[in-house]
Amino acid sequence: MNVEELVRESLREQAEQGGPVPGNFADRVLAARRRRRNRTIAGASLVVAAATVMAVAVPGLDGDSGRQETRTASELRDGDVVAHPGQTPPRDLIAAGGTALAAYYTQKRVPQGKGVEISARTYRLLDQRTGTYKKDARWSVLAVAPGMRMAAVLERELPARRIGLLDMVTGKVERWIETPHGTGGVEFSPDGEKLVATTYEESPDRFDMEHPMTDGKTTEPGPADPSRTGFYVIDVASGDSDWNAVKEESDEVGLPSINTRQDFGFSEDASLVYSGLTSGKHPMQYYDLTGREVSAPAKEKHRHWVNEAGLSPSGKLLDGGFAGGARTTASAILDPRTGKRVTKVPGQILLAWADDKRLIAWDIASDGNEYRQRLVLVTVGSKKTVPLSGYRTGSLKSTGRWHPLFADR
């Protein structure tokens, strides 16, 4: 059944049930189709009129128009490895399995006066029409929904008082969600149906001379005191939200147990949110959706927030962090329920699961420079690596150093 027939049949079924057709109905149908075809990938949808969504996502729905069905750039080679080892930063789509490089950013310190600096990001976001990464300097923070048709964006000045829902096909903000408690970070739930928005009193990217850093030769502004206040849980379809205050914690000597920027994230099933901790017995604290502290889920009690790949799609394997030596790179794969190492894979830092056996990782050049890294694809049970991008600059402070953002495609 082609896309046109699939959506038309679903519309007929919805009408027969007597219920209203939701604004994101077409995207929901297509998302379900993708989930059946691959692993569980939720196609988060833009909340706009159904006819508009159909025109953008599947322009061939009108049988009399003569137009052909189109798919977004990230879907066109779904399941394939799309690599550009000669490109750094990337210009064209990079993807593997069910995951793609949705965006990347560079950052630099911007002086604000009186010894204050803001670490500002400049994003390059995947253009779903062309499959290329294009600069979009409007946003201070950006998160991409599963399915890669929508991004949540925050305007330049943080904390922001609203969140935009950006159409990744048209490049336009379709709707704004107000956040009276100023927002500094956003993340989608794994199913794309909710957002967790972390709130702050001041910019979480602030550096000042009240907390100077020195290397013995020079002194520069350091990270400001944490100003995190709590989090919103937002229903993407309706825009309804609840804000929950979360008290800042301190360690046994009175120092903050979180970084200046310490955004909340969702648990695997989106029933909880978590925060990373910089001190204490456990690296993560979980909360229910009302802000009450709770224990970690069984599969996540050995998870560490700095290990970016987290759980595999099936939940059977867990990123265990660096496991290499002084002259070699490797990363551990754990049993999530016991925390015991199952195996090791090549790669310096695991970033995202491509599927249940493959991961996208950073790995370093043969010269041993730990900061001169490129994206590679690694496989559980294999020592082989497949280059996906060119090498980043070997200088940690380079303003051209790019940072990847991955999403289910």
# chains A, B, ... in the order shown; residues from 1 in each chain; ligands from 1
>>> closest_atom_pairs(of="stretch 280-310 of chain A", to="stretch 232-249 of chain A", cutoff="9 Å", atoms="only C-alpha atoms", output="CSV")
residue,atom,partner,partner_atom,distance
A:Leu289,CA,A:Val233,CA,7.0
A:Thr290,CA,A:Asn244,CA,5.9
A:Gly291,CA,A:Asn244,CA,5.4
A:Arg292,CA,A:Val246,CA,8.3
>>> closest_atom_pairs(of="stretch 339-389 of chain A", to="stretch 400-407 of chain A", cutoff="12 Å", atoms="only C-alpha atoms", output="JSON lines")
{"residue": "A:Leu350", "atom": "CA", "partner": "A:Phe406", "partner_atom": "CA", "distance": 11.9}
{"residue": "A:Leu351", "atom": "CA", "partner": "A:Phe406", "partner_atom": "CA", "distance": 8.2}
{"residue": "A:Ala352", "atom": "CA", "partner": "A:Phe406", "partner_atom": "CA", "distance": 7.0}
{"residue": "A:Trp353", "atom": "CA", "partner": "A:Phe406", "partner_atom": "CA", "distance": 9.5}
{"residue": "A:Ala354", "atom": "CA", "partner": "A:Ala407", "partner_atom": "CA", "distance": 9.8}
{"residue": "A:Leu359", "atom": "CA", "partner": "A:Phe406", "partner_atom": "CA", "distance": 11.5}
{"residue": "A:Ile360", "atom": "CA", "partner": "A:Phe406", "partner_atom": "CA", "distance": 9.4}
{"residue": "A:Ala361", "atom": "CA", "partner": "A:Pro404", "partner_atom": "CA", "distance": 10.5}
{"residue": "A:Trp362", "atom": "CA", "partner": "A:Pro404", "partner_atom": "CA", "distance": 10.1}
{"residue": "A:Tyr371", "atom": "CA", "partner": "A:Arg401", "partner_atom": "CA", "distance": 9.7}
{"residue": "A:Arg372", "atom": "CA", "partner": "A:Arg401", "partner_atom": "CA", "distance": 9.8}
{"residue": "A:Gln373", "atom": "CA", "partner": "A:Arg401", "partner_atom": "CA", "distance": 10.2}
{"residue": "A:Arg374", "atom": "CA", "partner": "A:Trp402", "partner_atom": "CA", "distance": 10.5}
{"residue": "A:Leu375", "atom": "CA", "partner": "A:Pro404", "partner_atom": "CA", "distance": 9.2}
{"residue": "A:Ser389", "atom": "CA", "partner": "A:Pro404", "partner_atom": "CA", "distance": 11.0}
>>> select_by_dssp(residues="stretch 186-291 of chain A", states="strand (DSSP E or B)", output="PyMOL selection string")
chain A and resi 186-188+194-200+206-214+219-223+228-235+241-245+250+256+265-266+273-276+284-287
>>> closest_residue(among="A:Leu142, A:Gly280, A:Pro180, A:Lys397", to="A:Val253", atoms="only C-alpha atoms")
A:Gly280
>>> closest_residue(among="A:Val110, A:Gly339, A:Gln348, A:Tyr391", to="A:Ala323", atoms="only C-alpha atoms")
A:Gln348
>>> residues_around(residues="stretch 303-314 of chain A", least_positions_apart="3", cutoff="7 Å", atoms="only C-alpha atoms", output="list in words")
Gly276, Pro283, Met284, Glu300, Leu317, Leu318, Asp319, Gly320, Gly321, Leu350, Leu351, Ala352, Trp353, Asp355 and Asp356 of chain A
>>> closest_residue(among="A:Ala96, A:Met148, A:Leu154, A:Val173", to="A:Thr198", atoms="only C-alpha atoms")
A:Leu154
>>> atom_distance(atom1="atom CA of A:Ile349", atom2="atom CA of A:Gly324")
10.3 Å
>>> closest_residue(among="A:Thr130, A:Gln262, A:Thr343, A:Thr278", to="A:Ala197", atoms="only C-alpha atoms")
A:Gln262
>>> closest_residue(among="A:Gly86, A:Gly115, A:Gly98, A:Gly147", to="A:Arg71", atoms="only C-alpha atoms")
A:Gly147
>>> residues_around(residues="A:Ala326", least_positions_apart="5", cutoff="12 Å", atoms="only C-alpha atoms", output="list in words")
Gln348, Gly368, Asn369 and Glu370 of chain A
>>> atom_distance(atom1="atom CA of A:Gly230", atom2="atom CA of A:Gly164")
19.5 Å
>>> closest_residue(among="A:Arg358, A:Arg121, A:His211, A:Arg149", to="A:Ala137", atoms="only C-alpha atoms")
A:Arg121
